[in-house]
Every structure is written in C-alpha cells, then in structure tokens.
Amino acid sequence: MPTAEKGSDLIFLPRENKGFAREVARRSGNPFSVCYTCLTCTCACPFVHAMDHPPVSILRMTLLGREAEVLNSNTIWLCVGCNSCAEACPQGVDTPAVMDALRQMALERGIAVPEPQVLAFHREVLSSIESYGRTHKLAVMAGYKIKTRDFFTDADVGLKMFLKGKLDLLPSKVEDVESIRRIFRKHGMDK
C-alpha cells in the first residue's frame, strides 16, 4: 500500500525485496533506476503485443522488488534483444541487458520458463556461436526442430530461405573460435 511521508508530497511504494533491483543492476551492468517511465521502450518494442507486461512495467516491478512476478513473466523470454528500446531511451537504459539478467536469474532459481520454445531457440543460437563463432542458421533451425519435436511448423519458410541461398549448408567460422569458447567457459556457458 502506498504511503505518504508526513509533510511531503512524495509517495513511497513498499518494496518486497530491496536487494532484487540491486542484483539485477549489478548483473546487467546497467543502473536502470534512472528510468522515469516515459514509455519510450514500450512504444519501440516490436513484440510488446505478445508480452504479459510491457518492458516499462518489468523495469518498474524490478525496482519495486517484485521478484516473483518479474521472474515468472513471459516478457523476459519474449524480449529478442533487438535494442529498439535501448536506442530510443532518453536515459540510456539498456533494457535488453536487464532482460538477460532476469532470464539468467529465473533459470538459476529453477523457475519454470513460460515460453520453453524461446529458451530452446536461445540455447541453439548460443550453441552455434560457441561452435563456429557466429550463428549457422541451418544448424540452429535443425537443432531447434529436433529439441522441440516441431518438425513441420514453418517448414515452408525454411525451404524458401534455402532456395534463396539464406541457409548455408556448411557453417562459416571466425578465425579464432577458441577466443569465443573461452568467453563461454569464463561465464560457465560451455557445453
């Protein structure tokens, strides 16, 4: 319940978990408390229509320590990290970095992922980057289809991409793949 300080026009909202926002800020490397709720991030987001809470609400709920609600939200999984929100933010808040930190925290806490197919796709992309230093679209698609056992949905799109030369049969690699793999090992993300 909001409370007003005596003799003040300020309203203080109760915080459920004061350390939650600090932990998210530390992990994301982003002092997102500078957000003044202008809604620019939400207006810039191309996926907001599918989210249970718009990006601005996730930032606010995180600041208020509403850990359970935030970490169980599908929004943190539907954010694709396109940076549309971060590019538009007048305060320079890196919302995708916050979403990354929140996803990591949700996984560490064993919270059921409300969008498991998104997690499966994300893991396939990371696996491709670890293996080749960049994404190999055909390997990502094949791995995703095998893991989700969803072999025929959007197969027509895959065929069109292949016929237009958008899916290379063989992956291209960066020159120093080992440096990429060291990053994965450093962060405990290696296979």
# chains A, B, ... in the order shown; residues from 1 in each chain; ligands from 1

call {"tool": "select_by_dssp", "arguments": {"residues": "chain A", "states": "alpha helix (DSSP H)", "output": "PyMOL selection string"}}
result
chain A and resi 18-28+40-44+55-63+67-71+75-78+84-88+95-108+116-132+137-148+155-163+177-186

call {"tool": "residues_around", "arguments": {"residues": "Glu67 (chain A)", "least_positions_apart": "2", "cutoff": "10 Å", "atoms": "only C-alpha atoms", "output": "list in words"}}
result
Glu16, Asn17, Lys18, Gly19, Phe20, Ala21, Ile58, Met61, Thr62, Leu63, Leu64, Gly65, Glu69, Val70, Leu71, Asn72, Ser73, Leu102, Met105 and Ala106 of chain A

call {"tool": "write_last_selection", "arguments": {"atoms": "N, CA and C atoms", "output": "PDB file, in the first residue's frame"}}
result
ATOM      1  N   GLU A  16       9.102  -5.161  -1.972  1.00  0.00           N
ATOM      2  CA  GLU A  16       9.031  -6.531  -1.495  1.00  0.00           C
ATOM      3  C   GLU A  16      10.426  -7.092  -1.229  1.00  0.00           C
ATOM      4  N   ASN A  17      11.377  -6.757  -2.095  1.00  0.00           N
ATOM      5  CA  ASN A  17      12.722  -7.298  -1.981  1.00  0.00           C
ATOM      6  C   ASN A  17      13.697  -6.218  -2.412  1.00  0.00           C
ATOM      7  N   LYS A  18      14.259  -5.512  -1.468  1.00  0.00           N
ATOM      8  CA  LYS A  18      15.116  -4.368  -1.770  1.00  0.00           C
ATOM      9  C   LYS A  18      16.391  -4.755  -2.518  1.00  0.00           C
ATOM     10  N   GLY A  19      16.887  -5.966  -2.300  1.00  0.00           N
ATOM     11  CA  GLY A  19      18.123  -6.378  -2.939  1.00  0.00           C
ATOM     12  C   GLY A  19      17.952  -6.852  -4.375  1.00  0.00           C
ATOM     13  N   PHE A  20      16.726  -7.146  -4.789  1.00  0.00           N
ATOM     14  CA  PHE A  20      16.461  -7.665  -6.125  1.00  0.00           C
ATOM     15  C   PHE A  20      16.917  -6.681  -7.206  1.00  0.00           C
ATOM     16  N   ALA A  21      16.515  -5.433  -7.107  1.00  0.00           N
ATOM     17  CA  ALA A  21      16.890  -4.430  -8.114  1.00  0.00           C
ATOM     18  C   ALA A  21      18.398  -4.228  -8.150  1.00  0.00           C
ATOM     19  N   ILE A  58       8.142  -4.096 -16.478  1.00  0.00           N
ATOM     20  CA  ILE A  58       9.162  -5.000 -15.942  1.00  0.00           C
ATOM     21  C   ILE A  58      10.222  -4.195 -15.197  1.00  0.00           C
ATOM     22  N   MET A  61       8.547  -2.956 -11.891  1.00  0.00           N
ATOM     23  CA  MET A  61       8.341  -4.048 -10.931  1.00  0.00           C
ATOM     24  C   MET A  61       9.675  -4.530 -10.362  1.00  0.00           C
ATOM     25  N   THR A  62      10.714  -4.509 -11.185  1.00  0.00           N
ATOM     26  CA  THR A  62      12.040  -4.897 -10.697  1.00  0.00           C
ATOM     27  C   THR A  62      12.515  -3.905  -9.656  1.00  0.00           C
ATOM     28  N   LEU A  63      12.353  -2.626  -9.928  1.00  0.00           N
ATOM     29  CA  LEU A  63      12.744  -1.601  -8.961  1.00  0.00           C
ATOM     30  C   LEU A  63      11.969  -1.721  -7.657  1.00  0.00           C
ATOM     31  N   LEU A  64      10.740  -2.189  -7.729  1.00  0.00           N
ATOM     32  CA  LEU A  64       9.913  -2.355  -6.540  1.00  0.00           C
ATOM     33  C   LEU A  64      10.141  -3.702  -5.851  1.00  0.00           C
ATOM     34  N   GLY A  65      11.048  -4.507  -6.403  1.00  0.00           N
ATOM     35  CA  GLY A  65      11.374  -5.772  -5.758  1.00  0.00           C
ATOM     36  C   GLY A  65      10.343  -6.861  -5.947  1.00  0.00           C
ATOM     37  N   GLU A  69       6.905 -11.983  -9.532  1.00  0.00           N
ATOM     38  CA  GLU A  69       6.107 -11.567 -10.688  1.00  0.00           C
ATOM     39  C   GLU A  69       6.983 -11.336 -11.911  1.00  0.00           C
ATOM     40  N   VAL A  70       8.136 -10.715 -11.706  1.00  0.00           N
ATOM     41  CA  VAL A  70       9.043 -10.422 -12.815  1.00  0.00           C
ATOM     42  C   VAL A  70       9.641 -11.709 -13.383  1.00  0.00           C
ATOM     43  N   LEU A  71      10.152 -12.567 -12.503  1.00  0.00           N
ATOM     44  CA  LEU A  71      10.831 -13.769 -12.977  1.00  0.00           C
ATOM     45  C   LEU A  71       9.883 -14.807 -13.561  1.00  0.00           C
ATOM     46  N   ASN A  72       8.591 -14.690 -13.293  1.00  0.00           N
ATOM     47  CA  ASN A  72       7.597 -15.584 -13.888  1.00  0.00           C
ATOM     48  C   ASN A  72       6.930 -14.985 -15.119  1.00  0.00           C
ATOM     49  N   SER A  73       7.328 -13.805 -15.502  1.00  0.00           N
ATOM     50  CA  SER A  73       6.733 -13.110 -16.638  1.00  0.00           C
ATOM     51  C   SER A  73       7.223 -13.690 -17.963  1.00  0.00           C
ATOM     52  N   LEU A 102      17.580 -10.973 -15.947  1.00  0.00           N
ATOM     53  CA  LEU A 102      16.376 -11.575 -15.372  1.00  0.00           C
ATOM     54  C   LEU A 102      16.195 -13.021 -15.828  1.00  0.00           C
ATOM     55  N   MET A 105      18.636 -15.139 -13.901  1.00  0.00           N
ATOM     56  CA  MET A 105      18.185 -15.316 -12.520  1.00  0.00           C
ATOM     57  C   MET A 105      17.030 -16.309 -12.444  1.00  0.00           C
ATOM     58  N   ALA A 106      16.111 -16.241 -13.396  1.00  0.00           N
ATOM     59  CA  ALA A 106      14.979 -17.171 -13.405  1.00  0.00           C
ATOM     60  C   ALA A 106      15.469 -18.611 -13.564  1.00  0.00           C
TER      61      ALA A 106
END

call {"tool": "residues_around", "arguments": {"residues": "Ser33 (chain A)", "least_positions_apart": "2", "cutoff": "12 Å", "atoms": "only C-alpha atoms", "output": "MDAnalysis selection string"}}
result
chainID A and resid 21:22 24:26 29:31 35:37 56 58:64 91:95 98

call {"tool": "residues_around", "arguments": {"residues": "region 77-85 of chain A", "least_positions_apart": "4", "cutoff": "9 Å", "atoms": "only C-alpha atoms", "output": "PyMOL selection string"}}
result
chain A and resi 40-48+50-51+55+73+89+93-97+99-100+103+113-116+118-119
